[in-house]
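Have a look at coords-v4.txt; it's compact mmCIF, C-alpha atoms:
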```txt
# COMPACT_ATOMS: atom_id res chain seq x y z
CA MET Z 1 -159.00 40.81 90.67
CA ARG Z 2 -160.82 38.95 87.92
CA ARG Z 3 -159.56 41.41 85.29
CA VAL Z 4 -155.98 40.69 86.30
CA LEU Z 5 -156.55 36.94 86.10
CA LYS Z 6 -158.13 37.30 82.65
CA LYS Z 7 -155.08 39.26 81.46
CA VAL Z 8 -152.72 36.59 82.79
CA VAL Z 9 -154.67 33.84 81.04
CA ILE Z 10 -154.68 35.82 77.78
CA LEU Z 11 -150.94 36.47 78.00
CA ARG Z 12 -150.20 32.81 78.61
CA SER Z 13 -152.28 31.74 75.61
CA GLU Z 14 -150.50 34.34 73.43
CA LEU Z 15 -147.15 33.00 74.58
CA ARG Z 16 -148.14 29.47 73.65
CA GLU Z 17 -149.16 30.60 70.16
CA ASN Z 18 -145.85 32.40 69.60
CA TYR Z 19 -143.71 29.65 71.14
CA THR Z 20 -141.17 28.00 68.88
CA ALA Z 21 -139.29 24.89 69.86
CA MET Z 22 -135.63 25.23 70.76
CA LYS Z 23 -133.15 24.52 68.00
CA LYS Z 24 -131.50 21.14 68.16
CA ASP Z 25 -127.80 20.38 67.74
CA ILE Z 26 -126.62 23.98 68.18
CA HIS Z 27 -124.44 23.31 71.22
CA PRO Z 28 -120.96 21.82 70.86
CA LYS Z 29 -120.45 18.22 71.86
CA ASN Z 30 -116.68 18.27 72.47
CA TYR Z 31 -116.65 19.45 76.09
CA ARG Z 32 -113.62 18.33 78.08
CA LEU Z 33 -111.96 19.15 81.38
CA VAL Z 34 -109.70 22.23 81.10
CA VAL Z 35 -107.61 24.03 83.73
CA PHE Z 36 -107.91 27.83 83.85
CA LYS Z 37 -104.99 29.60 85.55
CA ASP Z 38 -105.01 33.21 86.70
CA MET Z 39 -101.48 34.41 85.87
CA SER Z 40 -101.63 37.41 88.23
CA ASN Z 41 -101.92 35.30 91.41
CA ASP Z 42 -101.25 31.71 90.21
CA GLN Z 43 -104.70 30.44 91.25
CA ALA Z 44 -106.07 27.65 89.06
CA PHE Z 45 -109.43 25.94 88.71
CA MET Z 46 -110.79 23.18 86.55
CA SER Z 47 -113.94 23.37 84.49
CA ARG Z 48 -115.47 21.89 81.37
CA SER Z 49 -114.88 23.83 78.17
CA THR Z 50 -114.56 23.54 74.40
CA ILE Z 51 -111.70 26.04 74.12
CA ASN Z 52 -108.67 24.95 72.08
CA THR Z 53 -105.23 25.41 73.62
CA LYS Z 54 -101.71 24.11 73.06
CA ASP Z 55 -100.54 24.44 76.68
CA THR Z 56 -101.01 21.64 79.19
CA ILE Z 57 -100.55 21.30 82.94
CA VAL Z 58 -100.38 18.41 85.39
CA TRP Z 59 -103.30 18.86 87.79
CA GLU Z 60 -103.50 17.85 91.46
CA ASP Z 61 -104.83 14.41 90.56
CA GLY Z 62 -101.70 13.62 88.50
CA ASN Z 63 -103.41 13.80 85.12
CA GLU Z 64 -102.45 16.21 82.34
CA TYR Z 65 -105.09 18.68 81.17
CA PRO Z 66 -105.22 21.54 78.64
CA LEU Z 67 -104.29 24.91 80.20
CA VAL Z 68 -105.90 28.29 79.52
CA LYS Z 69 -103.97 31.27 80.89
CA LEU Z 70 -106.11 34.13 82.20
CA GLU Z 71 -105.00 37.70 82.88
CA ILE Z 72 -107.67 38.20 85.51
CA SER Z 73 -110.31 36.04 87.19
CA ASN Z 74 -112.63 36.20 90.17
CA THR Z 75 -109.68 35.49 92.49
CA SER Z 76 -107.83 38.65 91.42
CA HIS Z 77 -110.55 41.03 90.23
CA PRO Z 78 -111.09 43.96 92.66
CA PHE Z 79 -114.87 43.58 92.53
CA TYR Z 80 -114.69 40.05 93.96
CA THR Z 81 -111.70 40.49 96.26
CA GLY Z 82 -112.71 43.85 97.74
CA LYS Z 83 -109.16 45.10 97.28
CA MET Z 84 -108.19 47.75 94.78
CA LYS Z 85 -105.18 45.93 93.38
CA LEU Z 86 -103.94 47.27 90.06
CA VAL Z 87 -103.16 44.55 87.55
CA ASP Z 88 -101.27 45.98 84.60
CA THR Z 89 -100.39 43.14 82.26
CA ALA Z 90 -99.60 45.07 79.09
CA GLY Z 91 -98.14 48.33 80.47
CA ARG Z 92 -101.35 50.19 79.72
CA VAL Z 93 -101.26 52.27 82.89
CA ASP Z 94 -97.66 53.37 82.27
CA LYS Z 95 -98.50 54.19 78.67
CA PHE Z 96 -101.49 56.27 79.76
CA ASN Z 97 -99.51 58.11 82.44
CA SER Z 98 -96.67 58.96 80.06
CA LYS Z 99 -99.11 60.12 77.39
CA TYR Z 100 -101.02 62.47 79.70
CA LYS Z 101 -98.15 63.47 82.00
CA LYS Z 102 -98.05 67.06 80.74
CA PHE Z 103 -101.76 67.48 81.57
CA GLN Z 104 -101.23 66.07 85.06
CA ASP Z 105 -98.27 68.40 85.62
CA ALA Z 106 -100.27 71.40 84.44
CA LYS Z 107 -103.11 70.47 86.77
CA LYS Z 108 -100.77 70.32 89.79
CA LYS Z 109 -99.50 73.87 89.15
```
For the file at hand, write its structure as structure tokens.
Amino acid sequence: MRRVLKKVVILRSELRENYTAMKKDIHPKNYRLVVFKDMSNDQAFMSRSTINTKDTIVWEDGNEYPLVKLEISNTSHPFYTGKMKLVDTAGRVDKFNSKYKKFQDAKKK
């Protein structure tokens, strides 16, 4: 037991020797309230962000806020919802199916 305690004390002292202070002024200072909207199910939520956007939306409180449009969020992602809903925003699934259709047909035969 004493050996383990000695090792812990040694590790802590080594950490203190190698410790460097955190850098100052590396985080942005222009945080503001922004509305994020999931375009697949029209759910929206407000958070603080520094993202730049040209779109705006009138929020529930009557004020206008910048709007960030999302393709998928926690309200539509299958991992969080538990439903295997296919969200194809750019036609990627159709493109894939048409590209590999001959292989799928050959496999069925």
(message) Taking all atoms listed in the file into account, name the residue in Z:His77, Z:Lys101, Z:Lys29, Z:Lys37 that is nearest to Trp59 of chain Z.
(response) Z:Lys37
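Of the residues listed (Z:Lys95, Z:Phe45, Z:Met22, Z:Lys83), Z:Phe45 shows the shortest atom-to-atom separation from Pro66 of chain Z; distances use all atoms listed in the file.
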(request) Can you pull out every residue within 10 Å of Arg48 of chain Z, counting all atoms listed in the file, but drop anything in the same chain fewer than 2 positions away, and send it as a ChimeraX atom specification? (result) /Z:30-36,46,50-51
